[in-house]
$ cat input.txt   # compact mmCIF, C-alpha atoms and all ligand atoms
# COMPACT_ATOMS: atom_id res chain seq x y z
CA MET A 1 -4.30 9.45 28.59
CA VAL A 2 -2.34 11.63 26.19
CA TYR A 3 -4.11 14.46 24.36
CA SER A 4 -3.40 14.78 20.65
CA LYS A 5 -5.36 15.84 17.60
CA VAL A 6 -4.72 12.34 16.30
CA PHE A 7 -7.34 10.99 18.70
CA GLU A 8 -10.09 13.31 17.46
CA PRO A 9 -12.69 11.95 15.01
CA ILE A 10 -12.54 12.90 11.35
CA GLN A 11 -14.90 12.74 8.43
CA LEU A 12 -13.65 11.25 5.16
CA GLY A 13 -16.42 11.86 2.64
CA PRO A 14 -19.46 9.90 3.81
CA ILE A 15 -17.76 8.17 6.77
CA THR A 16 -16.51 9.26 10.18
CA LEU A 17 -13.48 7.64 11.79
CA ARG A 18 -13.31 7.52 15.59
CA ASN A 19 -9.79 8.94 15.39
CA ARG A 20 -7.27 9.99 12.75
CA THR A 21 -5.26 6.79 12.59
CA ILE A 22 -5.29 4.38 9.69
CA ARG A 23 -3.66 1.01 9.27
CA ALA A 24 -1.78 1.51 6.00
CA ALA A 25 -2.21 -1.09 3.31
CA ALA A 26 0.60 -3.55 4.05
CA PHE A 27 0.46 -6.90 2.30
CA GLU A 28 -0.56 -9.46 4.92
CA GLY A 29 0.24 -12.54 2.82
CA MET A 30 -2.51 -14.32 4.72
CA CYS A 31 -4.74 -15.49 1.87
CA LYS A 32 -4.77 -19.03 0.48
CA HIS A 33 -5.39 -19.41 -3.25
CA TRP A 34 -6.65 -15.82 -3.26
CA ASN A 35 -9.23 -16.58 -0.57
CA ILE A 36 -9.73 -14.98 2.82
CA THR A 37 -8.47 -16.96 5.82
CA HIS A 38 -9.11 -16.86 9.56
CA ASP A 39 -5.61 -15.42 9.95
CA LEU A 40 -6.51 -12.41 7.81
CA ILE A 41 -9.77 -11.85 9.68
CA ASN A 42 -8.10 -12.25 13.07
CA TYR A 43 -5.26 -9.92 12.17
CA HIS A 44 -7.59 -7.08 11.17
CA ARG A 45 -9.84 -7.76 14.16
CA LYS A 46 -6.79 -7.34 16.42
CA VAL A 47 -5.78 -4.07 14.74
CA ALA A 48 -9.35 -2.79 15.10
CA GLU A 49 -9.42 -3.78 18.77
CA GLY A 50 -6.05 -2.06 19.14
CA GLY A 51 -7.72 1.32 18.65
CA ILE A 52 -7.15 2.16 14.97
CA GLY A 53 -9.65 4.51 13.30
CA MET A 54 -9.69 2.54 10.06
CA THR A 55 -7.82 -0.55 8.94
CA THR A 56 -6.93 -1.20 5.30
CA VAL A 57 -6.88 -4.70 3.87
CA ALA A 58 -3.92 -4.63 1.51
CA TYR A 59 -3.05 -5.39 -2.03
CA ALA A 60 -6.31 -6.87 -3.27
CA SER A 61 -6.39 -7.51 -6.97
CA VAL A 62 -9.37 -6.52 -9.08
CA SER A 63 -8.72 -9.32 -11.56
CA LYS A 64 -6.94 -12.64 -11.84
CA ASP A 65 -4.31 -11.25 -14.19
CA GLY A 66 -3.48 -8.54 -11.66
CA LEU A 67 -2.14 -10.97 -9.07
CA ALA A 68 1.49 -11.46 -8.15
CA PHE A 69 1.05 -14.17 -5.50
CA THR A 70 -1.24 -17.06 -4.59
CA HIS A 71 -1.40 -15.75 -1.01
CA GLN A 72 -2.85 -12.45 -2.22
CA LEU A 73 -6.51 -11.46 -2.22
CA TRP A 74 -8.51 -11.51 -5.47
CA ILE A 75 -11.86 -9.75 -5.26
CA ARG A 76 -14.62 -11.76 -6.87
CA GLU A 77 -18.23 -12.83 -6.41
CA GLU A 78 -17.33 -16.24 -4.88
CA ILE A 79 -15.72 -14.73 -1.78
CA LYS A 80 -18.49 -12.26 -0.90
CA SER A 81 -19.54 -14.07 2.29
CA ASP A 82 -15.93 -14.10 3.56
CA LEU A 83 -15.46 -10.43 2.68
CA LYS A 84 -18.54 -9.77 4.81
CA LYS A 85 -17.05 -11.78 7.70
CA LEU A 86 -13.92 -9.64 7.42
CA THR A 87 -15.79 -6.33 7.58
CA ASP A 88 -17.99 -7.63 10.43
CA ALA A 89 -14.88 -8.49 12.45
CA ILE A 90 -13.37 -5.05 11.84
CA HIS A 91 -16.60 -3.29 12.77
CA ALA A 92 -16.91 -5.39 15.93
CA GLY A 93 -13.50 -4.01 16.91
CA GLY A 94 -14.84 -0.45 16.52
CA ALA A 95 -12.89 0.51 13.39
CA LYS A 96 -13.90 1.34 9.85
CA ALA A 97 -12.96 -1.09 7.09
CA SER A 98 -11.03 -0.03 4.03
CA ILE A 99 -9.46 -2.14 1.32
CA GLN A 100 -6.74 -1.34 -1.18
CA ILE A 101 -7.56 -2.35 -4.74
CA GLY A 102 -5.14 -2.55 -7.59
CA HIS A 103 -3.52 -4.50 -10.37
CA THR A 104 0.17 -5.36 -10.23
CA GLY A 105 0.75 -4.91 -13.98
CA ASN A 106 4.38 -5.76 -14.78
CA MET A 107 4.80 -7.32 -11.31
CA SER A 108 2.13 -9.98 -11.94
CA LYS A 109 3.35 -13.52 -12.57
CA LYS A 110 2.31 -15.95 -15.27
CA SER A 111 3.04 -18.84 -12.91
CA VAL A 112 0.35 -17.44 -10.61
CA THR A 113 -2.22 -16.08 -13.05
CA GLY A 114 -1.74 -18.16 -16.18
CA PHE A 115 -1.49 -14.93 -18.19
CA ARG A 116 1.46 -13.01 -19.57
CA PRO A 117 1.84 -9.86 -17.45
CA ILE A 118 0.41 -6.66 -18.92
CA SER A 119 1.56 -3.10 -18.49
CA ALA A 120 1.41 0.34 -20.08
CA SER A 121 4.30 -0.69 -22.35
CA ALA A 122 6.23 -3.85 -23.20
CA LYS A 123 9.33 -2.99 -21.19
CA PHE A 124 11.50 -5.60 -19.45
CA ASN A 125 11.12 -5.55 -15.68
CA LEU A 126 14.16 -7.01 -13.93
CA TYR A 127 12.34 -7.12 -10.62
CA GLY A 128 9.71 -9.57 -11.90
CA PRO A 129 11.55 -10.66 -13.85
CA THR A 130 8.87 -10.17 -16.48
CA TRP A 131 8.49 -9.03 -20.05
CA PRO A 132 4.96 -7.66 -20.06
CA ARG A 133 2.67 -7.23 -23.01
CA LYS A 134 1.59 -3.67 -23.88
CA MET A 135 -2.08 -3.26 -23.01
CA THR A 136 -4.50 -2.72 -25.86
CA ARG A 137 -7.38 -0.27 -25.55
CA ASN A 138 -9.64 -3.26 -24.89
CA ASP A 139 -7.37 -4.40 -22.06
CA ILE A 140 -7.52 -0.91 -20.57
CA GLN A 141 -11.30 -0.81 -20.77
CA ARG A 142 -11.57 -4.29 -19.28
CA VAL A 143 -9.32 -3.42 -16.31
CA VAL A 144 -11.26 -0.18 -15.68
CA ASN A 145 -14.41 -2.32 -15.55
CA ASP A 146 -12.68 -4.77 -13.20
CA PHE A 147 -12.01 -1.89 -10.78
CA LYS A 148 -15.66 -0.89 -11.04
CA HIS A 149 -16.91 -4.43 -10.49
CA ALA A 150 -14.59 -4.92 -7.51
CA ALA A 151 -15.87 -1.69 -5.95
CA LEU A 152 -19.48 -2.86 -6.36
CA ILE A 153 -18.68 -6.12 -4.57
CA LEU A 154 -16.84 -4.34 -1.75
CA ASN A 155 -19.70 -1.94 -1.22
CA GLU A 156 -22.10 -4.87 -0.91
CA CYS A 157 -19.80 -6.57 1.60
CA GLY A 158 -19.76 -3.75 4.12
CA PHE A 159 -16.51 -1.92 3.39
CA ASP A 160 -16.63 1.73 4.42
CA ALA A 161 -13.83 2.80 2.12
CA VAL A 162 -11.86 1.70 -0.86
CA GLU A 163 -8.28 2.78 -1.55
CA ILE A 164 -7.21 2.84 -5.18
CA HIS A 165 -3.53 1.94 -5.42
CA ALA A 166 -2.07 4.49 -7.83
CA GLY A 167 1.45 4.46 -6.44
CA HIS A 168 4.54 2.32 -5.84
CA GLY A 169 4.99 1.28 -9.47
CA TYR A 170 1.90 -0.90 -9.82
CA LEU A 171 -0.34 -0.72 -12.87
CA ILE A 172 -1.84 2.76 -12.47
CA SER A 173 1.56 4.07 -11.46
CA GLN A 174 3.09 2.27 -14.48
CA PHE A 175 0.79 4.38 -16.66
CA LEU A 176 1.58 7.61 -14.79
CA SER A 177 5.34 7.13 -14.86
CA PRO A 178 7.28 7.92 -18.06
CA TYR A 179 9.77 5.24 -16.93
CA THR A 180 7.24 2.48 -17.66
CA ASN A 181 4.87 4.28 -20.03
CA ARG A 182 6.34 4.61 -23.53
CA ARG A 183 3.02 4.65 -25.33
CA ASN A 184 2.26 7.10 -28.10
CA ASP A 185 -1.52 6.86 -28.06
CA GLU A 186 -3.99 8.75 -25.87
CA TYR A 187 -2.68 6.87 -22.79
CA GLY A 188 0.96 7.87 -23.21
CA GLY A 189 3.24 10.82 -23.83
CA SER A 190 1.88 13.97 -22.17
CA PHE A 191 0.92 13.95 -18.49
CA GLU A 192 -2.68 14.47 -19.58
CA ASN A 193 -2.46 11.17 -21.47
CA ARG A 194 -0.46 9.24 -18.86
CA SER A 195 -3.02 10.16 -16.20
CA ARG A 196 -5.99 9.08 -18.34
CA PHE A 197 -6.05 5.52 -16.97
CA LEU A 198 -6.12 6.79 -13.37
CA ARG A 199 -8.91 9.21 -14.26
CA GLU A 200 -10.94 6.44 -15.88
CA VAL A 201 -10.46 4.10 -12.92
CA LEU A 202 -11.37 6.74 -10.36
CA THR A 203 -14.45 7.82 -12.31
CA ALA A 204 -15.58 4.20 -12.69
CA VAL A 205 -15.11 3.45 -8.99
CA ARG A 206 -17.06 6.56 -8.02
CA GLU A 207 -19.83 5.57 -10.41
CA ALA A 208 -19.94 2.16 -8.75
CA VAL A 209 -20.13 3.28 -5.13
CA GLY A 210 -21.87 6.65 -5.40
CA ASN A 211 -21.50 8.36 -2.05
CA GLN A 212 -21.95 5.19 -0.03
CA MET A 213 -18.23 4.63 0.45
CA ALA A 214 -15.22 6.86 0.92
CA ILE A 215 -12.70 6.67 -1.90
CA LEU A 216 -9.02 7.12 -1.05
CA VAL A 217 -6.20 7.16 -3.55
CA LYS A 218 -2.63 6.22 -2.64
CA MET A 219 -0.25 8.09 -4.93
CA ASN A 220 3.43 8.83 -5.37
CA MET A 221 4.83 12.25 -4.58
CA TRP A 222 7.95 11.03 -6.37
CA ASP A 223 8.80 7.66 -7.92
CA GLY A 224 12.17 7.81 -6.19
CA PHE A 225 14.43 8.28 -9.25
CA GLU A 226 15.02 10.66 -12.16
CA GLY A 227 12.95 9.59 -15.15
CA GLY A 228 9.84 8.82 -13.13
CA ILE A 229 7.05 11.31 -12.46
CA THR A 230 8.18 14.83 -11.67
CA GLN A 231 7.16 16.80 -8.63
CA LYS A 232 4.94 19.04 -10.77
CA GLU A 233 3.20 15.98 -12.18
CA ALA A 234 2.63 14.65 -8.68
CA TYR A 235 1.01 17.98 -7.73
CA LYS A 236 -1.24 17.70 -10.77
CA THR A 237 -2.06 14.10 -9.87
CA ALA A 238 -3.30 15.18 -6.45
CA GLN A 239 -5.43 17.90 -8.03
CA ILE A 240 -6.92 15.47 -10.55
CA ILE A 241 -7.72 13.04 -7.74
CA GLU A 242 -9.53 15.79 -5.86
CA SER A 243 -11.36 17.07 -8.92
CA LEU A 244 -12.74 13.58 -9.62
CA GLY A 245 -14.31 13.40 -6.21
CA ALA A 246 -11.93 11.29 -4.11
CA ASP A 247 -12.37 11.77 -0.37
CA ALA A 248 -8.73 11.58 0.71
CA ILE A 249 -5.21 11.09 -0.61
CA VAL A 250 -2.50 8.89 0.88
CA LEU A 251 0.85 10.51 0.08
CA SER A 252 3.65 8.06 -0.54
CA GLY A 253 6.51 7.45 -2.98
CA GLY A 254 8.77 4.79 -4.47
CA PHE A 255 8.59 2.23 -7.23
CA VAL A 256 8.77 -1.53 -6.67
CA SER A 257 10.70 -2.23 -9.87
CA LYS A 258 13.24 0.55 -9.50
CA ALA A 259 13.37 2.10 -6.02
CA PRO A 260 11.51 -0.27 -3.69
CA MET A 261 13.12 0.87 -0.45
CA TYR A 262 12.22 4.47 -1.18
CA ILE A 263 8.71 3.38 -0.09
CA MET A 264 9.76 2.09 3.33
CA ARG A 265 13.35 3.24 3.86
CA GLY A 266 15.99 1.35 5.73
CA ARG A 267 17.74 -1.71 4.38
CA MET A 268 16.17 -4.88 3.03
CA PRO A 269 17.53 -7.97 4.83
CA THR A 270 18.33 -9.54 1.46
CA ARG A 271 19.79 -12.81 2.78
CA ILE A 272 16.54 -13.54 4.56
CA MET A 273 14.63 -12.44 1.49
CA ALA A 274 16.69 -14.73 -0.77
CA LYS A 275 15.93 -17.71 1.49
CA ASN A 276 12.25 -17.05 0.92
CA ILE A 277 12.40 -16.81 -2.87
CA SER A 278 11.60 -19.88 -4.98
CA ASN A 279 12.65 -18.60 -8.44
CA ILE A 280 16.25 -19.80 -8.62
CA VAL A 281 17.52 -16.88 -10.76
CA VAL A 282 15.92 -14.24 -8.55
CA LYS A 283 17.12 -16.07 -5.43
CA PHE A 284 20.69 -16.00 -6.75
CA LEU A 285 20.53 -12.34 -7.82
CA VAL A 286 19.04 -11.20 -4.50
CA GLY A 287 21.46 -13.36 -2.51
CA VAL A 288 24.56 -12.13 -4.34
CA MET A 289 23.73 -8.57 -5.41
CA GLY A 290 20.92 -7.86 -2.94
CA GLN A 291 22.03 -4.50 -1.55
CA LYS A 292 22.90 -3.25 -5.06
CA LEU A 293 19.59 -4.33 -6.55
CA ILE A 294 17.54 -3.19 -3.58
CA LYS A 295 19.29 0.01 -2.69
CA PRO A 296 18.86 1.06 0.95
CA TYR A 297 17.62 4.53 1.88
CA PRO A 298 18.25 6.01 5.30
CA PHE A 299 15.23 5.86 7.59
CA GLN A 300 14.11 8.74 9.71
CA GLU A 301 10.77 9.10 11.45
CA GLY A 302 8.19 10.94 9.37
CA TYR A 303 10.41 10.69 6.29
CA PHE A 304 7.70 11.88 3.86
CA ILE A 305 6.49 14.88 5.92
CA GLU A 306 8.64 17.49 4.15
CA GLU A 307 7.39 16.36 0.72
CA ALA A 308 3.80 15.87 1.87
CA LYS A 309 3.38 19.35 3.30
CA LYS A 310 3.91 20.82 -0.17
CA PHE A 311 0.57 19.26 -1.17
CA ARG A 312 -1.34 20.93 1.65
CA ASP A 313 -2.17 24.14 -0.16
CA LEU A 314 -2.88 22.41 -3.46
CA VAL A 315 -5.94 20.42 -2.42
CA LYS A 316 -8.66 20.75 0.19
CA ILE A 317 -9.52 17.08 0.72
CA PRO A 318 -7.98 15.28 3.71
CA LEU A 319 -4.37 14.24 3.37
CA ILE A 320 -3.09 11.06 4.95
CA TYR A 321 0.61 11.06 5.80
CA VAL A 322 2.47 7.77 5.96
CA GLY A 323 6.10 6.75 6.48
CA GLY A 324 7.73 6.30 9.86
CA MET A 325 4.92 7.76 11.97
CA ASN A 326 6.45 5.84 14.82
CA SER A 327 6.15 8.15 17.81
CA ILE A 328 3.66 10.57 19.27
CA GLU A 329 6.18 13.35 18.66
CA THR A 330 6.40 12.57 14.93
CA ILE A 331 2.63 12.16 14.66
CA GLU A 332 2.25 15.64 16.19
CA LYS A 333 4.77 16.97 13.70
CA ALA A 334 2.72 15.49 10.83
CA PHE A 335 -0.40 17.30 12.06
CA GLN A 336 1.52 20.58 12.44
CA ASN A 337 2.61 20.14 8.84
CA GLY A 338 -0.79 19.65 7.26
CA ALA A 339 -1.78 16.01 7.87
CA ASP A 340 -5.43 15.20 8.53
CA CYS A 341 -4.74 11.54 9.33
CA VAL A 342 -1.66 9.39 9.81
CA ALA A 343 -1.17 5.84 8.61
CA PHE A 344 1.07 3.13 10.04
CA ALA A 345 2.34 -0.12 8.58
CA ARG A 346 5.38 -1.46 10.46
CA ALA A 347 4.45 -0.02 13.86
CA LEU A 348 1.25 -2.10 13.73
CA ILE A 349 2.98 -5.20 12.41
CA GLN A 350 5.20 -5.04 15.47
CA ASN A 351 2.29 -4.18 17.78
CA PRO A 352 -1.37 -4.28 16.65
CA SER A 353 -2.30 -2.24 19.76
CA PHE A 354 0.13 0.57 18.88
CA VAL A 355 -2.67 3.18 18.82
CA ASN A 356 -4.19 2.26 22.18
CA ASP A 357 -0.74 1.96 23.72
CA LEU A 358 0.13 5.47 22.56
CA ARG A 359 -3.16 6.87 23.79
CA ASN A 360 -2.87 5.18 27.16
CA GLU A 361 0.72 6.38 27.48
CA ILE A 362 1.99 2.81 27.78
CA ILE A 363 4.49 3.75 25.07
CA LYS A 364 5.62 6.97 23.40
CA LYS A 365 7.28 5.27 20.48
CA SER A 366 6.94 2.12 18.39
CA GLY A 367 9.21 -0.82 19.21
CA CYS A 368 9.78 -1.46 15.48
CA THR A 369 13.51 -1.52 14.67
CA ILE A 370 13.00 -0.89 10.90
CA CYS A 371 14.84 -4.12 10.12
CA ASN A 372 12.29 -4.81 7.35
CA TYR A 373 12.12 -8.51 8.21
CA CYS A 374 8.34 -8.17 7.74
CA VAL A 375 8.93 -7.09 4.14
CA ALA A 376 11.47 -9.81 3.37
CA VAL A 377 9.17 -12.62 4.51
CA MET A 378 5.86 -11.41 3.08
CA TYR A 379 6.65 -12.49 -0.49
CA THR A 380 6.36 -16.17 0.32
CA GLY A 381 4.53 -16.25 3.61
CA LYS A 382 2.72 -14.25 6.22
CA MET A 383 3.78 -10.74 7.10
CA ARG A 384 5.24 -10.95 10.59
CA CYS A 385 7.66 -9.26 12.93
CA PHE A 386 10.95 -10.98 13.81
CA MET A 387 10.16 -10.32 17.47
CA ASN A 388 7.40 -12.93 17.28
CA GLU A 389 9.52 -15.59 15.57
CA ALA A 390 10.48 -18.52 17.75
CA ASN A 391 13.21 -20.05 15.61
CA LEU A 392 15.72 -17.32 14.85
CA SER A 393 19.34 -17.72 15.83
CA PRO A 394 20.55 -15.34 18.56
CA SER A 395 22.96 -13.65 16.12
CA LEU A 396 20.24 -13.03 13.53
CA ARG A 397 17.91 -11.75 16.24
CA GLU A 398 20.63 -9.38 17.40
CA GLN A 399 21.20 -8.19 13.84
CA LEU A 400 17.49 -7.49 13.31
CA ALA A 401 17.22 -5.73 16.64
CA HIS A 402 20.00 -3.34 15.52
CA PRO A 403 19.78 -3.11 11.71
CA GLU A 404 21.95 0.02 11.63
CA ARG A 405 25.08 -1.75 12.88
C1 LIG A 501 5.30 -5.68 5.11
C2 LIG A 501 4.85 -4.50 4.30
C3 LIG A 501 3.97 -4.68 3.25
C4 LIG A 501 3.53 -3.58 2.48
N1 LIG A 501 2.59 -3.77 1.51
C5 LIG A 501 2.03 -2.70 0.92
C6 LIG A 501 0.92 -2.85 0.05
O1 LIG A 501 0.42 -3.95 -0.17
N2 LIG A 501 0.40 -1.73 -0.50
C7 LIG A 501 0.91 -0.48 -0.25
O2 LIG A 501 0.40 0.51 -0.77
N3 LIG A 501 1.96 -0.31 0.56
C8 LIG A 501 2.51 -1.38 1.17
N4 LIG A 501 3.51 -1.20 2.07
C9 LIG A 501 3.96 0.17 2.37
C10 LIG A 501 3.19 0.73 3.56
O3 LIG A 501 1.81 0.87 3.30
C11 LIG A 501 3.73 2.11 3.97
O4 LIG A 501 3.50 3.00 2.91
C12 LIG A 501 5.22 2.07 4.32
O5 LIG A 501 5.57 0.87 4.97
C13 LIG A 501 5.59 3.23 5.23
O6 LIG A 501 4.88 3.17 6.43
P1 LIG A 501 5.54 2.67 7.82
O7 LIG A 501 6.79 3.46 8.01
O8 LIG A 501 4.49 2.96 8.84
O9 LIG A 501 5.85 1.21 7.69
C14 LIG A 501 3.99 -2.28 2.80
C15 LIG A 501 4.88 -2.12 3.85
C16 LIG A 501 5.32 -3.20 4.62
C17 LIG A 501 6.23 -2.96 5.77
$ encode --input "input.txt" --output "structure tokens" --more "lines below"
Ligand SMILES: Cc1cc2nc3c(=O)[nH]c(=O)nc-3n(C[C@H](O)[C@H](O)[C@H](O)COP(=O)(O)O)c2cc1C
Amino acid sequence: MVYSKVFEPIQLGPITLRNRTIRAAAFEGMCKHWNITHDLINYHRKVAEGGIGMTTVAYASVSKDGLAFTHQLWIREEIKSDLKKLTDAIHAGGAKASIQIGHTGNMSKKSVTGFRPISASAKFNLYGPTWPRKMTRNDIQRVVNDFKHAALILNECGFDAVEIHAGHGYLISQFLSPYTNRRNDEYGGSFENRSRFLREVLTAVREAVGNQMAILVKMNMWDGFEGGITQKEAYKTAQIIESLGADAIVLSGGFVSKAPMYIMRGRMPTRIMAKNISNIVVKFLVGVMGQKLIKPYPFQEGYFIEEAKKFRDLVKIPLIYVGGMNSIETIEKAFQNGADCVAFARALIQNPSFVNDLRNEIIKKSGCTICNYCVAVMYTGKMRCFMNEANLSPSLREQLAHPER
């Protein structure tokens, strides 16, 4: 058995994880009509049994108008008993249960929700494609309450932690970023104003759960392009998050409607993605201009470590590093550079027992090839690794096994 700090327990606010590994929020695409399925429960059970300290159920919307897909989770009273089944399964596997809550803002879809998308400002979003409505103060207050109500439900259903999604260009991030926030009221303009929505959400969620649950916030260190949040603003964001009583910060970056691959790096297999898109215009655009629209970024293990370590001296609360933590060597490097926990998405999609396999020295490194097939297919179906697909042609399989060629 390999020794590493990563296998030591850690306290995040009121909860203790058996080790310092977290399954990052990665959209499972396993819900049906916004309801929990056996597939979702079984997937998280497997990850828990695979040795993870805490698993995060991804991309759950706090309200109907915050949804982008019908196979996404919507937190509401009617699904409480299934939420409880989900947390029971995770706990039976020995892990803590976390859930990412958010609102997709300008990425939500009227065809899914029945509502025109809302955002900080009414700015066209090519990646929807959507033309959202600028949120009124009443909308803002209502969504803050939706976050609070969702947190109350999750607390009742046995979740140990809740992760507020404040990054990647979703609604909170759309308020933080000057690229999507053109408001000139108290929610726009200065950083103080642009961060007000985040502050209100975080305060409301803390009010809802008291100290019964850990609160994590996933935030951007950089949106991935000039014109988004600056580095200084990201530093201030982390400090605000700490000052409002969050228990940990997940440090990420990128913006779904402008620099999506900055989040994950590598190249999006756009031909596969196009096949899975139903909107004919988007299908055509992705098929023809895919690599231009979804610009690739070179992948390297631990690609956010250099940025993340700059946050170490700014806050005292635990920092969770994510992004290519795909080998024991890189995980060690993250800890040497200020991480308190590490989170994995693709390594666990490829192998839900990644953590146990590392600990038991069965592997030293993830088998994930960073082909991003799992990303391309999640928009219309279940998140899955190409290695588990039965019906791929040998040439496509070869391509996905060596995406760099
Ligand atoms: C299939 C897939 C789905 C994702 N969905 C989400 C999501 O719902 N919420 C989120 O914050 N990040 C999401 N991400 C980003 C991951 O949480 C993580 O930040 C990123 O993939 C880098 O980690 P990795 O290198 O371990 O994959 C997703 C990533 C993948 C691969």
$ closest_atom_pairs --input "input.txt" --of "chain A" --to "ligand LIG 501 (chain A)" --cutoff "6 Å" --atoms "all atoms listed in the file" --output "Markdown table"
| residue | atom | partner | partner_atom | distance |
| --- | --- | --- | --- | --- |
| A:Ala24 | CA | A:LIG501 | O3 | 4.5 |
| A:Ala25 | CA | A:LIG501 | O3 | 4.5 |
| A:Ala26 | CA | A:LIG501 | N1 | 3.2 |
| A:Phe27 | CA | A:LIG501 | O1 | 3.8 |
| A:Ala58 | CA | A:LIG501 | O1 | 4.7 |
| A:Tyr59 | CA | A:LIG501 | O1 | 4.2 |
| A:Ile263 | CA | A:LIG501 | C12 | 5.8 |
| A:Met264 | CA | A:LIG501 | C12 | 4.6 |
| A:Val322 | CA | A:LIG501 | O6 | 5.2 |
| A:Gly323 | CA | A:LIG501 | O7 | 3.7 |
| A:Gly324 | CA | A:LIG501 | O7 | 3.5 |
| A:Met325 | CA | A:LIG501 | O8 | 5.7 |
| A:Phe344 | CA | A:LIG501 | O8 | 3.6 |
| A:Ala345 | CA | A:LIG501 | O8 | 3.8 |
| A:Arg346 | CA | A:LIG501 | O9 | 3.9 |
| A:Ala347 | CA | A:LIG501 | O8 | 5.8 |
| A:Cys374 | CA | A:LIG501 | C1 | 4.7 |
| A:Val375 | CA | A:LIG501 | C1 | 4.0 |
| A:Met383 | CA | A:LIG501 | C1 | 5.6 |
$ write_last_selection --input "input.txt" --atoms "C-alpha atoms" --output "compact mmCIF listing (two decimals), in the frame of the given file"
# COMPACT_ATOMS: atom_id res chain seq x y z
CA ALA A 24 -1.78 1.51 6.00
CA ALA A 25 -2.21 -1.09 3.31
CA ALA A 26 0.60 -3.55 4.05
CA PHE A 27 0.46 -6.90 2.30
CA ALA A 58 -3.92 -4.63 1.51
CA TYR A 59 -3.05 -5.39 -2.03
CA ILE A 263 8.71 3.38 -0.09
CA MET A 264 9.76 2.09 3.33
CA VAL A 322 2.47 7.77 5.96
CA GLY A 323 6.10 6.75 6.48
CA GLY A 324 7.73 6.30 9.86
CA MET A 325 4.92 7.76 11.97
CA PHE A 344 1.07 3.13 10.04
CA ALA A 345 2.34 -0.12 8.58
CA ARG A 346 5.38 -1.46 10.46
CA ALA A 347 4.45 -0.02 13.86
CA CYS A 374 8.34 -8.17 7.74
CA VAL A 375 8.93 -7.09 4.14
CA MET A 383 3.78 -10.74 7.10
$ residues_around --input "input.txt" --residues "A:Ala95" --least-positions-apart "3" --cutoff "6 Å" --atoms "only C-alpha atoms" --output "PDB file with C-alpha atoms, in the coordinates of the input"
ATOM      1  CA  ALA A  48      -9.350  -2.790  15.100  1.00  0.00           C
ATOM      2  CA  GLY A  53      -9.650   4.510  13.300  1.00  0.00           C
ATOM      3  CA  MET A  54      -9.690   2.540  10.060  1.00  0.00           C
ATOM      4  CA  ILE A  90     -13.370  -5.050  11.840  1.00  0.00           C
ATOM      5  CA  HIS A  91     -16.600  -3.290  12.770  1.00  0.00           C
TER       6      HIS A  91
END
$ residues_around --input "input.txt" --residues "A:Ala376" --least-positions-apart "2" --cutoff "12 Å" --atoms "all atoms listed in the file" --output "mmCIF file with C-alpha atoms, in the frame of the given file"
data_model
loop_
_atom_site.group_PDB
_atom_site.id
_atom_site.type_symbol
_atom_site.label_atom_id
_atom_site.label_comp_id
_atom_site.auth_asym_id
_atom_site.auth_seq_id
_atom_site.Cartn_x
_atom_site.Cartn_y
_atom_site.Cartn_z
ATOM 1 C CA PHE A 27 0.460 -6.900 2.300
ATOM 2 C CA GLY A 29 0.240 -12.540 2.820
ATOM 3 C CA PRO A 260 11.510 -0.270 -3.690
ATOM 4 C CA MET A 261 13.120 0.870 -0.450
ATOM 5 C CA ARG A 267 17.740 -1.710 4.380
ATOM 6 C CA MET A 268 16.170 -4.880 3.030
ATOM 7 C CA PRO A 269 17.530 -7.970 4.830
ATOM 8 C CA THR A 270 18.330 -9.540 1.460
ATOM 9 C CA ARG A 271 19.790 -12.810 2.780
ATOM 10 C CA ILE A 272 16.540 -13.540 4.560
ATOM 11 C CA MET A 273 14.630 -12.440 1.490
ATOM 12 C CA ALA A 274 16.690 -14.730 -0.770
ATOM 13 C CA LYS A 275 15.930 -17.710 1.490
ATOM 14 C CA ASN A 276 12.250 -17.050 0.920
ATOM 15 C CA ILE A 277 12.400 -16.810 -2.870
ATOM 16 C CA VAL A 286 19.040 -11.200 -4.500
ATOM 17 C CA GLY A 290 20.920 -7.860 -2.940
ATOM 18 C CA ILE A 294 17.540 -3.190 -3.580
ATOM 19 C CA ILE A 370 13.000 -0.890 10.900
ATOM 20 C CA CYS A 371 14.840 -4.120 10.120
ATOM 21 C CA ASN A 372 12.290 -4.810 7.350
ATOM 22 C CA TYR A 373 12.120 -8.510 8.210
ATOM 23 C CA CYS A 374 8.340 -8.170 7.740
ATOM 24 C CA MET A 378 5.860 -11.410 3.080
ATOM 25 C CA TYR A 379 6.650 -12.490 -0.490
ATOM 26 C CA THR A 380 6.360 -16.170 0.320
ATOM 27 C CA GLY A 381 4.530 -16.250 3.610
ATOM 28 C CA LYS A 382 2.720 -14.250 6.220
ATOM 29 C CA MET A 383 3.780 -10.740 7.100
ATOM 30 C CA ARG A 384 5.240 -10.950 10.590
ATOM 31 C CA CYS A 385 7.660 -9.260 12.930
ATOM 32 C CA PHE A 386 10.950 -10.980 13.810
ATOM 33 C CA LEU A 400 17.490 -7.490 13.310
#
$ residues_near_point --input "input.txt" --point "(-0.4, -6.6, -11.2)" --cutoff "7 Å" --atoms "all atoms listed in the file" --output "tab-separated table (two decimals) with C-alpha atoms, in the frame of the given file"
chain	number	residue	atom	x	y	z
A	65	ASP	CA	-4.31	-11.25	-14.19
A	66	GLY	CA	-3.48	-8.54	-11.66
A	67	LEU	CA	-2.14	-10.97	-9.07
A	68	ALA	CA	1.49	-11.46	-8.15
A	103	HIS	CA	-3.52	-4.50	-10.37
A	104	THR	CA	0.17	-5.36	-10.23
A	105	GLY	CA	0.75	-4.91	-13.98
A	106	ASN	CA	4.38	-5.76	-14.78
A	107	MET	CA	4.80	-7.32	-11.31
A	108	SER	CA	2.13	-9.98	-11.94
A	170	TYR	CA	1.90	-0.90	-9.82
A	171	LEU	CA	-0.34	-0.72	-12.87
